[in-house]
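Here is model_16.txt, consisting of compact mmCIF, C-alpha atoms:
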```
# COMPACT_ATOMS: atom_id res chain seq x y z
CA MET A 1 -2.03 -29.21 1.67
CA LYS A 2 -5.18 -28.34 -0.23
CA ILE A 3 -5.84 -24.64 0.15
CA ALA A 4 -8.55 -22.31 -1.12
CA VAL A 5 -8.04 -18.56 -1.26
CA ILE A 6 -11.37 -16.75 -1.48
CA GLY A 7 -10.85 -13.36 -3.09
CA SER A 8 -8.25 -12.94 -5.83
CA GLY A 9 -7.33 -9.35 -5.24
CA TYR A 10 -3.90 -8.13 -4.22
CA VAL A 11 -3.56 -10.15 -1.01
CA GLY A 12 -5.36 -13.19 -2.38
CA LEU A 13 -3.25 -13.48 -5.52
CA VAL A 14 0.05 -13.16 -3.69
CA THR A 15 -1.09 -15.61 -1.00
CA GLY A 16 -2.36 -18.18 -3.51
CA ALA A 17 0.62 -17.94 -5.85
CA CYS A 18 3.18 -18.17 -3.05
CA PHE A 19 1.55 -21.17 -1.36
CA ALA A 20 1.39 -22.90 -4.77
CA HIS A 21 5.04 -22.02 -5.33
CA LEU A 22 5.82 -23.81 -2.05
CA GLY A 23 4.18 -27.00 -3.33
CA HIS A 24 0.60 -26.79 -2.02
CA GLN A 25 -2.48 -27.37 -4.16
CA VAL A 26 -4.18 -23.98 -4.32
CA LEU A 27 -7.55 -22.91 -5.69
CA CYS A 28 -8.18 -19.16 -5.94
CA ILE A 29 -11.79 -17.99 -6.01
CA ASP A 30 -13.19 -14.73 -7.34
CA ASN A 31 -16.61 -13.63 -8.59
CA ASN A 32 -15.06 -11.47 -11.34
CA LEU A 33 -15.24 -13.76 -14.37
CA GLU A 34 -12.99 -11.57 -16.52
CA LYS A 35 -10.31 -11.73 -13.85
CA ILE A 36 -10.63 -15.51 -13.62
CA LYS A 37 -10.26 -15.83 -17.39
CA LEU A 38 -7.12 -13.70 -17.34
CA LEU A 39 -5.60 -15.60 -14.42
CA ARG A 40 -6.20 -18.97 -16.05
CA GLN A 41 -3.97 -17.74 -18.86
CA GLY A 42 -1.19 -17.19 -16.32
CA LYS A 43 -1.56 -13.41 -16.42
CA THR A 44 -2.30 -11.00 -13.62
CA PRO A 45 -4.52 -7.88 -13.48
CA ILE A 46 -2.07 -6.11 -11.14
CA TYR A 47 1.60 -5.23 -11.37
CA GLU A 48 3.75 -6.78 -8.67
CA PRO A 49 7.39 -7.75 -9.32
CA GLY A 50 7.75 -11.52 -9.73
CA LEU A 51 4.06 -12.31 -9.33
CA GLU A 52 2.99 -12.89 -12.94
CA SER A 53 5.89 -15.25 -13.70
CA MET A 54 5.13 -17.19 -10.50
CA ILE A 55 1.43 -17.49 -11.40
CA HIS A 56 2.25 -18.59 -14.94
CA LYS A 57 4.65 -21.27 -13.67
CA CYS A 58 2.30 -22.60 -10.98
CA VAL A 59 -0.67 -22.73 -13.38
CA LYS A 60 1.44 -24.61 -15.92
CA GLU A 61 2.55 -27.10 -13.24
CA GLY A 62 -1.05 -27.66 -12.12
CA LYS A 63 -0.46 -26.38 -8.59
CA LEU A 64 -2.57 -23.25 -8.98
CA SER A 65 -6.07 -22.98 -10.44
CA PHE A 66 -8.81 -20.36 -10.53
CA SER A 67 -12.58 -20.56 -10.27
CA SER A 68 -15.67 -18.52 -9.45
CA ASN A 69 -17.27 -21.50 -7.68
CA ILE A 70 -16.97 -21.13 -3.90
CA VAL A 71 -18.76 -24.46 -3.40
CA GLN A 72 -15.84 -26.17 -5.11
CA ALA A 73 -13.46 -24.44 -2.73
CA VAL A 74 -15.30 -25.59 0.39
CA GLN A 75 -15.61 -29.15 -0.86
CA LYS A 76 -12.00 -29.64 -1.91
CA SER A 77 -9.88 -27.58 0.47
CA GLU A 78 -8.98 -28.16 4.10
CA ILE A 79 -7.90 -24.56 4.69
CA LEU A 80 -10.01 -21.63 3.47
CA PHE A 81 -8.30 -18.23 3.46
CA ILE A 82 -10.71 -15.29 3.32
CA CYS A 83 -8.98 -12.51 1.35
CA VAL A 84 -11.93 -10.45 0.17
CA ASN A 85 -12.01 -6.67 0.05
CA THR A 86 -12.88 -4.67 3.18
CA PRO A 87 -13.36 -1.17 1.73
CA PRO A 88 -13.99 1.84 3.95
CA LYS A 89 -17.46 3.27 4.42
CA GLU A 90 -17.96 7.03 4.37
CA ASN A 91 -17.44 7.22 8.14
CA GLY A 92 -14.15 5.28 7.94
CA GLU A 93 -15.59 2.04 9.28
CA ALA A 94 -14.55 -1.13 7.43
CA ASP A 95 -17.27 -2.60 5.22
CA LEU A 96 -17.40 -6.28 6.17
CA SER A 97 -20.34 -7.25 3.96
CA PHE A 98 -18.13 -9.32 1.63
CA ILE A 99 -16.77 -11.27 4.59
CA GLU A 100 -20.29 -11.97 5.83
CA THR A 101 -21.38 -13.16 2.36
CA VAL A 102 -18.39 -15.51 2.10
CA SER A 103 -18.99 -16.82 5.63
CA ARG A 104 -22.59 -17.70 4.77
CA GLU A 105 -21.55 -19.46 1.55
CA ILE A 106 -18.97 -21.50 3.44
CA ALA A 107 -21.51 -22.45 6.12
CA LYS A 108 -24.06 -23.66 3.55
CA ASN A 109 -21.55 -26.11 2.09
CA LEU A 110 -19.75 -27.42 5.19
CA LYS A 111 -19.82 -31.22 5.22
CA GLU A 112 -16.49 -32.00 6.91
CA TYR A 113 -13.90 -30.12 8.98
CA ARG A 114 -12.54 -26.91 7.51
CA LEU A 115 -10.18 -24.31 8.97
CA ILE A 116 -11.45 -20.85 8.03
CA VAL A 117 -8.71 -18.22 8.19
CA GLU A 118 -9.29 -14.48 7.91
CA LYS A 119 -6.37 -12.89 6.07
CA SER A 120 -8.11 -9.68 5.04
CA THR A 121 -7.36 -6.77 7.35
CA VAL A 122 -10.36 -6.65 9.67
CA PRO A 123 -11.38 -4.91 12.91
CA VAL A 124 -11.07 -6.81 16.14
CA GLN A 125 -14.09 -9.07 16.87
CA THR A 126 -14.58 -9.87 13.16
CA GLY A 127 -13.53 -13.47 13.84
CA GLU A 128 -16.30 -13.74 16.43
CA TRP A 129 -18.83 -12.53 13.85
CA ILE A 130 -17.56 -15.04 11.28
CA LEU A 131 -17.98 -17.83 13.84
CA LYS A 132 -21.50 -16.67 14.82
CA THR A 133 -22.52 -16.31 11.16
CA ILE A 134 -21.36 -19.81 10.26
CA GLN A 135 -22.78 -21.28 13.46
CA SER A 136 -26.21 -19.80 12.71
CA ILE A 137 -26.32 -21.94 9.56
CA GLN A 138 -24.10 -24.86 10.60
CA PRO A 139 -24.38 -25.36 14.40
CA ASN A 140 -21.97 -28.30 14.47
CA LEU A 141 -18.85 -26.61 15.87
CA SER A 142 -16.73 -29.71 15.26
CA LEU A 143 -16.91 -29.03 11.52
CA PHE A 144 -14.89 -25.81 11.59
CA ASP A 145 -12.49 -23.46 13.34
CA VAL A 146 -11.99 -19.76 12.70
CA ALA A 147 -8.47 -18.35 12.84
CA SER A 148 -6.64 -15.13 11.98
CA ASN A 149 -3.41 -14.97 9.96
CA PRO A 150 -2.86 -11.29 9.11
CA GLU A 151 -0.67 -10.41 6.14
CA PHE A 152 2.20 -7.91 6.23
CA LEU A 153 2.82 -7.51 2.52
CA ARG A 154 4.29 -4.34 1.08
CA GLU A 155 3.24 -3.51 -2.45
CA GLY A 156 6.30 -3.66 -4.65
CA SER A 157 7.97 -6.39 -2.58
CA ALA A 158 4.97 -8.57 -1.68
CA VAL A 159 6.30 -11.87 -3.07
CA LYS A 160 9.55 -11.48 -1.14
CA ASP A 161 7.66 -10.41 1.99
CA PHE A 162 5.44 -13.49 1.81
CA LEU A 163 8.25 -16.00 1.26
CA LYS A 164 10.57 -14.38 3.83
CA PRO A 165 8.34 -12.74 6.42
CA ASP A 166 9.81 -11.07 9.50
CA ARG A 167 7.12 -12.78 11.59
CA VAL A 168 4.06 -15.01 11.18
CA ILE A 169 1.05 -14.24 13.38
CA LEU A 170 -1.40 -17.06 14.11
CA GLY A 171 -4.56 -16.15 15.98
CA VAL A 172 -6.23 -19.40 17.01
CA GLU A 173 -8.82 -20.67 19.46
CA SER A 174 -8.18 -24.43 19.30
CA PRO A 175 -5.19 -26.81 19.36
CA ARG A 176 -6.36 -28.30 16.05
CA ALA A 177 -6.26 -24.95 14.26
CA GLU A 178 -2.83 -24.17 15.70
CA LYS A 179 -1.47 -27.56 14.62
CA ILE A 180 -2.66 -27.11 11.03
CA LEU A 181 -1.30 -23.57 10.67
CA ARG A 182 2.02 -24.48 12.30
CA ALA A 183 2.38 -27.31 9.79
CA LEU A 184 1.54 -24.95 6.93
CA TYR A 185 4.23 -22.47 8.00
CA LYS A 186 6.82 -25.06 9.08
CA PRO A 187 9.04 -24.47 5.99
CA PHE A 188 9.38 -20.79 6.92
CA SER A 189 12.36 -19.75 9.03
CA SER A 190 10.47 -16.81 10.52
CA LYS A 191 9.41 -16.41 14.12
CA ILE A 192 5.86 -17.73 14.66
CA VAL A 193 3.77 -15.85 17.21
CA VAL A 194 0.65 -17.69 18.39
CA THR A 195 -2.06 -15.57 19.99
CA ASP A 196 -5.78 -15.58 20.54
CA LEU A 197 -8.00 -14.47 17.66
CA LYS A 198 -8.64 -10.93 18.90
CA SER A 199 -4.98 -10.18 19.60
CA ALA A 200 -4.00 -11.24 16.08
CA GLU A 201 -6.64 -8.93 14.60
CA ILE A 202 -5.36 -5.98 16.65
CA ILE A 203 -1.71 -6.69 15.77
CA LYS A 204 -2.37 -5.96 12.09
CA HIS A 205 -4.31 -2.74 12.62
CA ALA A 206 -1.94 -1.53 15.35
CA SER A 207 1.14 -2.24 13.19
CA ASN A 208 -0.13 -0.28 10.19
CA SER A 209 -1.40 2.55 12.36
CA PHE A 210 1.94 2.87 14.15
CA LEU A 211 3.92 2.97 10.89
CA ALA A 212 1.57 5.55 9.40
CA THR A 213 1.88 7.66 12.55
CA LYS A 214 5.67 7.46 12.27
CA ILE A 215 5.43 8.89 8.74
CA SER A 216 3.15 11.70 9.91
CA PHE A 217 5.54 12.46 12.77
CA ILE A 218 8.56 12.91 10.50
CA ASN A 219 6.50 15.02 8.08
CA ALA A 220 5.50 17.33 10.92
CA VAL A 221 9.18 17.62 11.91
CA ALA A 222 10.05 18.36 8.26
CA ARG A 223 7.83 21.44 8.32
CA ILE A 224 9.78 22.75 11.31
CA CYS A 225 13.00 22.08 9.39
CA ASP A 226 11.66 24.11 6.47
CA VAL A 227 10.96 27.08 8.74
CA VAL A 228 14.34 27.15 10.50
CA GLY A 229 16.52 25.91 7.62
CA ALA A 230 17.45 22.55 9.15
CA ASP A 231 17.86 19.31 7.14
CA ILE A 232 15.19 16.67 7.75
CA GLU A 233 17.42 13.97 6.23
CA LYS A 234 20.07 14.61 8.89
CA VAL A 235 17.42 14.82 11.61
CA ALA A 236 15.91 11.48 10.53
CA LEU A 237 19.37 9.91 10.37
CA GLY A 238 20.16 11.00 13.91
CA MET A 239 16.79 9.81 15.20
CA GLY A 240 16.93 6.49 13.38
CA MET A 241 20.29 5.55 14.89
CA ASP A 242 18.51 5.18 18.21
CA PRO A 243 17.60 1.45 18.30
CA ARG A 244 14.39 2.31 20.15
CA ILE A 245 13.26 4.32 17.11
CA GLY A 246 14.94 2.77 14.06
CA PRO A 247 15.38 4.31 10.60
CA SER A 248 12.39 2.77 8.81
CA PHE A 249 9.43 5.02 7.91
CA LEU A 250 11.32 8.20 8.79
CA LYS A 251 11.28 9.48 5.22
CA ALA A 252 9.69 12.90 4.85
CA GLY A 253 7.61 13.66 1.78
CA ILE A 254 4.05 14.28 0.68
CA GLY A 255 2.54 11.65 2.98
CA PHE A 256 1.39 8.07 2.72
CA GLY A 257 -1.17 6.76 0.27
CA GLY A 258 -2.27 3.38 -1.03
CA PHE A 259 -5.15 1.27 0.12
CA CYS A 260 -3.75 0.00 3.44
CA PHE A 261 -2.56 2.87 5.63
CA PRO A 262 -5.42 5.37 5.08
CA LYS A 263 -8.06 2.64 5.26
CA ASP A 264 -6.58 0.84 8.27
CA LEU A 265 -6.02 4.02 10.26
CA SER A 266 -9.61 5.12 9.68
CA ALA A 267 -10.96 1.67 10.54
CA PHE A 268 -8.86 1.40 13.72
CA LEU A 269 -9.93 4.89 14.76
CA HIS A 270 -13.62 4.16 14.13
CA MET A 271 -13.38 0.85 15.97
CA SER A 272 -11.72 2.47 19.00
CA GLU A 273 -14.48 5.07 19.20
CA LYS A 274 -17.14 2.39 18.82
CA LEU A 275 -15.59 0.44 21.70
CA GLY A 276 -15.50 3.54 23.91
CA ALA A 277 -11.69 3.78 23.85
CA PRO A 278 -11.09 6.72 21.46
CA PHE A 279 -7.61 6.86 19.90
CA GLU A 280 -7.10 10.60 19.37
CA LEU A 281 -3.50 10.18 18.18
CA LEU A 282 -4.75 8.48 15.02
CA LYS A 283 -6.95 11.48 14.21
CA GLU A 284 -3.92 13.74 14.27
CA SER A 285 -1.90 11.31 12.12
CA LEU A 286 -4.60 11.36 9.45
CA LYS A 287 -4.89 15.15 9.72
CA ILE A 288 -1.14 15.67 9.24
CA ASN A 289 -1.05 13.26 6.32
CA SER A 290 -3.91 14.96 4.54
CA ALA A 291 -2.39 18.41 5.09
CA GLN A 292 1.02 17.33 3.79
CA LYS A 293 -0.20 17.20 0.18
CA TYR A 294 -1.51 20.77 0.46
CA TYR A 295 1.72 21.87 2.11
CA PHE A 296 3.53 20.63 -1.02
CA ILE A 297 1.03 22.38 -3.30
CA GLU A 298 1.59 25.63 -1.36
CA LYS A 299 5.31 25.32 -2.09
CA ILE A 300 4.52 25.07 -5.80
CA GLU A 301 2.19 28.06 -5.67
CA HIS A 302 4.67 30.11 -3.66
CA HIS A 303 7.47 29.69 -6.19
CA LEU A 304 5.42 29.79 -9.41
CA TRP A 305 3.06 32.57 -8.27
CA ASN A 306 -0.03 32.02 -10.48
CA LEU A 307 -0.72 28.46 -11.66
CA LYS A 308 -3.34 29.48 -14.22
CA ASP A 309 -2.17 28.49 -17.71
CA LYS A 310 1.12 27.15 -16.36
CA THR A 311 2.19 23.75 -17.78
CA LEU A 312 3.34 21.34 -15.08
CA ALA A 313 4.98 17.95 -15.55
CA VAL A 314 4.14 15.34 -12.89
CA LEU A 315 6.37 12.27 -12.66
CA GLY A 316 4.80 9.43 -10.71
CA ILE A 317 1.15 8.54 -10.23
CA ALA A 318 1.29 5.26 -8.28
CA PHE A 319 1.19 5.79 -4.52
CA LYS A 320 4.65 4.18 -4.24
CA PRO A 321 7.23 2.69 -6.64
CA ASN A 322 7.08 -0.88 -8.02
CA THR A 323 3.29 -0.98 -8.17
CA ASP A 324 0.53 0.22 -10.48
CA ASP A 325 -1.78 0.89 -7.52
CA ILE A 326 -3.19 4.43 -7.50
CA ARG A 327 -5.76 3.97 -4.73
CA TYR A 328 -5.51 6.95 -2.34
CA ALA A 329 -2.36 8.03 -4.20
CA PRO A 330 -1.27 11.56 -3.23
CA SER A 331 -0.76 12.29 -6.94
CA LEU A 332 -4.48 12.23 -7.65
CA GLU A 333 -5.33 14.95 -5.15
CA ILE A 334 -2.31 17.04 -6.12
CA ILE A 335 -3.17 16.86 -9.84
CA ASP A 336 -6.81 17.68 -9.10
CA VAL A 337 -5.85 20.84 -7.18
CA LEU A 338 -3.38 21.92 -9.87
CA GLN A 339 -6.06 21.54 -12.54
CA LYS A 340 -8.59 23.47 -10.48
CA GLN A 341 -6.03 26.28 -10.26
CA GLY A 342 -5.99 26.36 -14.08
CA ALA A 343 -2.71 24.49 -14.69
CA HIS A 344 -2.14 22.22 -17.68
CA VAL A 345 -0.82 18.90 -16.37
CA ARG A 346 1.39 16.39 -18.20
CA VAL A 347 1.94 13.04 -16.43
CA TYR A 348 4.11 9.96 -16.66
CA ASP A 349 4.43 6.80 -14.53
CA PRO A 350 6.34 3.60 -15.43
CA GLN A 351 3.46 1.26 -14.49
CA ALA A 352 0.31 3.15 -13.45
CA MET A 353 -0.65 4.86 -16.72
CA ALA A 354 -3.45 2.40 -17.58
CA ASN A 355 -5.08 2.84 -14.17
CA ALA A 356 -4.52 6.61 -14.30
CA ARG A 357 -6.36 6.93 -17.61
CA LYS A 358 -9.50 5.62 -15.87
CA VAL A 359 -9.59 8.41 -13.28
CA LEU A 360 -7.56 11.37 -14.58
CA HIS A 361 -9.22 13.62 -17.14
CA GLY A 362 -7.90 16.61 -19.02
CA VAL A 363 -4.24 15.65 -18.54
CA PHE A 364 -1.63 14.78 -21.15
CA PHE A 365 -0.33 11.21 -20.80
CA ALA A 366 3.31 11.16 -21.86
CA LYS A 367 5.17 8.15 -23.24
CA ASN A 368 8.26 8.86 -21.16
CA PRO A 369 9.59 11.41 -18.64
CA TYR A 370 11.16 13.59 -21.31
CA GLU A 371 7.92 13.93 -23.25
CA ALA A 372 6.21 14.88 -19.97
CA VAL A 373 8.63 17.72 -19.18
CA LYS A 374 8.85 19.13 -22.70
CA GLY A 375 7.69 22.75 -22.57
CA ALA A 376 6.67 22.57 -18.90
CA ASP A 377 7.11 25.47 -16.50
CA ALA A 378 8.21 23.10 -13.73
CA LEU A 379 8.82 19.44 -12.96
CA ILE A 380 6.97 17.88 -10.01
CA ILE A 381 8.17 14.53 -8.62
CA VAL A 382 5.47 12.61 -6.77
CA THR A 383 6.62 8.95 -6.78
CA GLU A 384 10.20 7.84 -6.11
CA TRP A 385 10.65 5.37 -9.00
CA ASP A 386 14.23 4.18 -9.57
CA GLU A 387 13.79 5.15 -13.22
CA PHE A 388 13.67 8.81 -12.19
CA LYS A 389 17.01 8.57 -10.36
CA SER A 390 18.84 7.97 -13.63
CA LEU A 391 17.22 10.76 -15.66
CA ASP A 392 19.43 12.92 -17.86
CA PHE A 393 18.93 16.22 -16.03
CA LYS A 394 20.94 18.19 -18.57
CA LYS A 395 18.35 17.10 -21.12
CA ILE A 396 15.53 17.82 -18.64
CA LYS A 397 16.87 21.35 -18.16
CA LYS A 398 16.81 22.03 -21.90
CA LEU A 399 13.25 20.69 -22.25
CA LEU A 400 11.78 22.75 -19.40
CA LYS A 401 10.66 26.35 -19.93
CA GLN A 402 11.90 27.16 -16.44
CA SER A 403 14.53 25.13 -14.59
CA ILE A 404 12.36 24.47 -11.55
CA ILE A 405 11.90 21.12 -9.76
CA PHE A 406 9.53 20.35 -6.89
CA ASP A 407 10.58 17.05 -5.33
CA GLY A 408 7.87 15.60 -3.10
CA ARG A 409 9.98 12.56 -2.21
CA ASN A 410 13.40 14.11 -1.49
CA MET A 411 15.00 11.96 -4.17
CA PHE A 412 17.97 14.19 -4.94
CA GLU A 413 20.58 16.22 -3.11
CA PRO A 414 19.70 19.94 -3.14
CA GLU A 415 23.29 21.06 -3.70
CA ALA A 416 23.74 18.69 -6.65
CA MET A 417 20.57 19.95 -8.31
CA GLN A 418 21.59 23.56 -7.78
CA ARG A 419 24.96 22.87 -9.41
CA LEU A 420 23.02 21.57 -12.44
CA GLY A 421 21.30 24.95 -12.61
CA PHE A 422 17.90 24.06 -11.13
CA GLN A 423 15.75 25.87 -8.63
CA TYR A 424 15.18 22.80 -6.49
CA HIS A 425 12.51 22.62 -3.80
CA SER A 426 11.98 19.57 -1.59
CA ILE A 427 10.49 18.78 1.84
CA GLY A 428 12.35 19.92 4.97
CA ARG A 429 15.67 20.59 3.22
CA LYS A 430 17.51 23.59 1.87
CA ALA A 431 20.66 23.66 -0.22
CA GLN A 432 23.60 24.78 1.90
CA GLU A 433 25.48 27.84 0.71
CA PRO A 434 29.19 27.32 -0.02
CA ARG A 435 31.32 27.91 3.07
CA SER A 436 33.12 30.85 1.39
CA LYS A 437 29.87 32.74 0.89
CA ARG A 438 28.75 32.17 4.46
CA SER A 439 32.05 33.31 5.91
CA SER A 440 32.08 36.49 3.83
CA ARG A 441 28.89 37.77 5.38
```
Could you quickly redo this structure as structure tokens?
Amino acid sequence: MKIAVIGSGYVGLVTGACFAHLGHQVLCIDNNLEKIKLLRQGKTPIYEPGLESMIHKCVKEGKLSFSSNIVQAVQKSEILFICVNTPPKENGEADLSFIETVSREIAKNLKEYRLIVEKSTVPVQTGEWILKTIQSIQPNLSLFDVASNPEFLREGSAVKDFLKPDRVILGVESPRAEKILRALYKPFSSKIVVTDLKSAEIIKHASNSFLATKISFINAVARICDVVGADIEKVALGMGMDPRIGPSFLKAGIGFGGFCFPKDLSAFLHMSEKLGAPFELLKESLKINSAQKYYFIEKIEHHLWNLKDKTLAVLGIAFKPNTDDIRYAPSLEIIDVLQKQGAHVRVYDPQAMANARKVLHGVFFAKNPYEAVKGADALIIVTEWDEFKSLDFKKIKKLLKQSIIFDGRNMFEPEAMQRLGFQYHSIGRKAQEPRSKRSSR
């Protein structure tokens, strides 16, 4: 099929590259000329495992091309995926101005049937607005359909998630639109769920909001574990064995970040209030998540006493491993607070250093983890990169001024770190005393 992907950001690039990889003729559109130039060279402005090599291969084979000309996309492509940014406004509402602009440009150039598919995460009723916007310019309804095909891509595994999705959601309002999208997804072995347009839009927001709430729930439980001396890892294990709950997203830490969960929760909450069906649970999920970063900072302050003039090594800046995305990353707020308390911060991340240099000021950017911890009063782990699991902690111990580790992602076993001679502080866990010591009390 001939496909156009309008918006070559994170979702757009993965969508375009993967459809091209599957044999379709794909044209990706973006108004950022520097990005287009880079992409035409087979390179990508973001880090995502497997994506750049896929883009390079598809460009070389002539299956994938890039342009800033949306007119070309409308003229040459039967399916138009809208993947533009929907950033949050100050009140949490999704800014849909880019979607409106794209809808108008499509309408001006409609000459024959096109299926217009919203893939950006949007509030319910956005599809209706797209249809009304296009219809106001092009009243011939036989020339287009509007559909919803929400994405469920996880940064760090997006290519795999696209090619092997756990489900495909098709929100359609006509048999013709359903037929085209079913044909597009026919090679996939995943379950296809066909719904109306509004239901598909809600599925995406509800899914992300539920997962984010699950994270906030386990973080709230972790605080109770900290108070009473229980182990959140064991609690989560016992909970997750219940098939009604499941183990996913029951990992305690410093809270969720990234562009999707905070933005989608806020947008879903704002939309529910606007519709007169307020969703108070989402408010509490956001509140817990925001407080979790400060709960972690309080741990650091409690054990280090004064932070002024202390040197602190922070490992991990990206909001999660296997990405260079630092949008809404917990690290940024944590580093900001540490600096305001007078601490000297040294940072390292395997992929996010370039992005971090644009927003972090007054920090030391280390070339590797060992340079970051050299001479530091404590080590703070913020992102659970695999690289950090294989660190030489005997070397780390020698490089640190004080053998103190604050692990915001519960990467290591408390007892093992204590045996290595560290004061080790994590979330919702305490190192168990040897049985002999407990029995001698």
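For Asp95 (chain A), the residues within 9 Å (counting all atoms listed in the file, excluding itself and residues fewer than 6 positions away along the chain) are Asn85, Thr86, Pro87, Pro88 and Lys89 of chain A.
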Go ahead and save the picked residues with C-alpha atoms, as an mmCIF file, keeping the file's coordinate frame.
```
data_model
loop_
_atom_site.group_PDB
_atom_site.id
_atom_site.type_symbol
_atom_site.label_atom_id
_atom_site.label_comp_id
_atom_site.auth_asym_id
_atom_site.auth_seq_id
_atom_site.Cartn_x
_atom_site.Cartn_y
_atom_site.Cartn_z
ATOM 1 C CA ASN A 85 -12.010 -6.670 0.050
ATOM 2 C CA THR A 86 -12.880 -4.670 3.180
ATOM 3 C CA PRO A 87 -13.360 -1.170 1.730
ATOM 4 C CA PRO A 88 -13.990 1.840 3.950
ATOM 5 C CA LYS A 89 -17.460 3.270 4.420
#
```
*Mind checking which residues fall within 10 Å of Gly257 (chain A), counting all atoms listed in the file, ignoring those fewer than 2 positions away in the same chain, and posting them as a VMD selection string?*
chain A and resid 212 254 to 255 259 to 263 289 to 290 318 to 320 325 to 331
So that all listed atoms of region 26-42 of chain A fit with 6 Å spare on each side, what axis-aligned box centre and edge lengths in Å, to one decimal, would you give as lines of an AutoDock Vina configuration file?
```
center_x = -8.9
center_y = -17.7
center_z = -11.6
size_x = 27.4
size_y = 24.5
size_z = 26.5
```
Practice task
Using all atoms listed in the file, find the one residue out of A:Arg429, A:Lys37, A:Lys63, A:Arg223 that sits nearest to His21 (chain A).
Solution key: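 Selected residue with least distance to His21 (chain A): A:Lys63.
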If you count all atoms listed in the file, the residue of A:His205, A:His270, A:Lys76, A:Arg409 closest to Val26 (chain A) turns out to be A:Lys76
Since the input has fewer atoms than a full residue there, write region 408-422 of chain A out with N, CA and C atoms, as a PDB file, in the frame of the given file.
```pdb
ATOM      1  N   GLY A 408       8.695  15.999  -4.241  1.00  0.00           N
ATOM      2  CA  GLY A 408       7.870  15.600  -3.100  1.00  0.00           C
ATOM      3  C   GLY A 408       8.362  14.379  -2.374  1.00  0.00           C
ATOM      4  N   ARG A 409       9.459  13.774  -2.843  1.00  0.00           N
ATOM      5  CA  ARG A 409       9.980  12.560  -2.210  1.00  0.00           C
ATOM      6  C   ARG A 409      11.459  12.677  -1.810  1.00  0.00           C
ATOM      7  N   ASN A 410      12.000  13.888  -1.889  1.00  0.00           N
ATOM      8  CA  ASN A 410      13.400  14.110  -1.490  1.00  0.00           C
ATOM      9  C   ASN A 410      14.348  13.110  -2.134  1.00  0.00           C
ATOM     10  N   MET A 411      14.210  12.949  -3.455  1.00  0.00           N
ATOM     11  CA  MET A 411      15.000  11.960  -4.170  1.00  0.00           C
ATOM     12  C   MET A 411      16.432  12.393  -4.431  1.00  0.00           C
ATOM     13  N   PHE A 412      16.665  13.697  -4.510  1.00  0.00           N
ATOM     14  CA  PHE A 412      17.970  14.190  -4.940  1.00  0.00           C
ATOM     15  C   PHE A 412      18.574  15.134  -3.910  1.00  0.00           C
ATOM     16  N   GLU A 413      19.887  15.312  -4.014  1.00  0.00           N
ATOM     17  CA  GLU A 413      20.580  16.220  -3.110  1.00  0.00           C
ATOM     18  C   GLU A 413      20.389  17.661  -3.594  1.00  0.00           C
ATOM     19  N   PRO A 414      19.936  18.553  -2.727  1.00  0.00           N
ATOM     20  CA  PRO A 414      19.700  19.940  -3.140  1.00  0.00           C
ATOM     21  C   PRO A 414      20.915  20.613  -3.764  1.00  0.00           C
ATOM     22  N   GLU A 415      22.092  20.422  -3.157  1.00  0.00           N
ATOM     23  CA  GLU A 415      23.290  21.060  -3.700  1.00  0.00           C
ATOM     24  C   GLU A 415      23.613  20.574  -5.102  1.00  0.00           C
ATOM     25  N   ALA A 416      23.444  19.267  -5.327  1.00  0.00           N
ATOM     26  CA  ALA A 416      23.740  18.690  -6.650  1.00  0.00           C
ATOM     27  C   ALA A 416      22.790  19.254  -7.702  1.00  0.00           C
ATOM     28  N   MET A 417      21.533  19.422  -7.350  1.00  0.00           N
ATOM     29  CA  MET A 417      20.570  19.950  -8.310  1.00  0.00           C
ATOM     30  C   MET A 417      20.820  21.428  -8.590  1.00  0.00           C
ATOM     31  N   GLN A 418      21.260  22.144  -7.571  1.00  0.00           N
ATOM     32  CA  GLN A 418      21.590  23.560  -7.780  1.00  0.00           C
ATOM     33  C   GLN A 418      22.797  23.698  -8.705  1.00  0.00           C
ATOM     34  N   ARG A 419      23.782  22.812  -8.543  1.00  0.00           N
ATOM     35  CA  ARG A 419      24.960  22.870  -9.410  1.00  0.00           C
ATOM     36  C   ARG A 419      24.591  22.617 -10.874  1.00  0.00           C
ATOM     37  N   LEU A 420      23.502  21.834 -11.072  1.00  0.00           N
ATOM     38  CA  LEU A 420      23.020  21.570 -12.440  1.00  0.00           C
ATOM     39  C   LEU A 420      22.208  22.742 -12.988  1.00  0.00           C
ATOM     40  N   GLY A 421      21.988  23.752 -12.149  1.00  0.00           N
ATOM     41  CA  GLY A 421      21.300  24.950 -12.610  1.00  0.00           C
ATOM     42  C   GLY A 421      19.802  24.970 -12.346  1.00  0.00           C
ATOM     43  N   PHE A 422      19.331  24.112 -11.434  1.00  0.00           N
ATOM     44  CA  PHE A 422      17.900  24.060 -11.130  1.00  0.00           C
ATOM     45  C   PHE A 422      17.560  24.860  -9.877  1.00  0.00           C
TER      46      PHE A 422
END
```
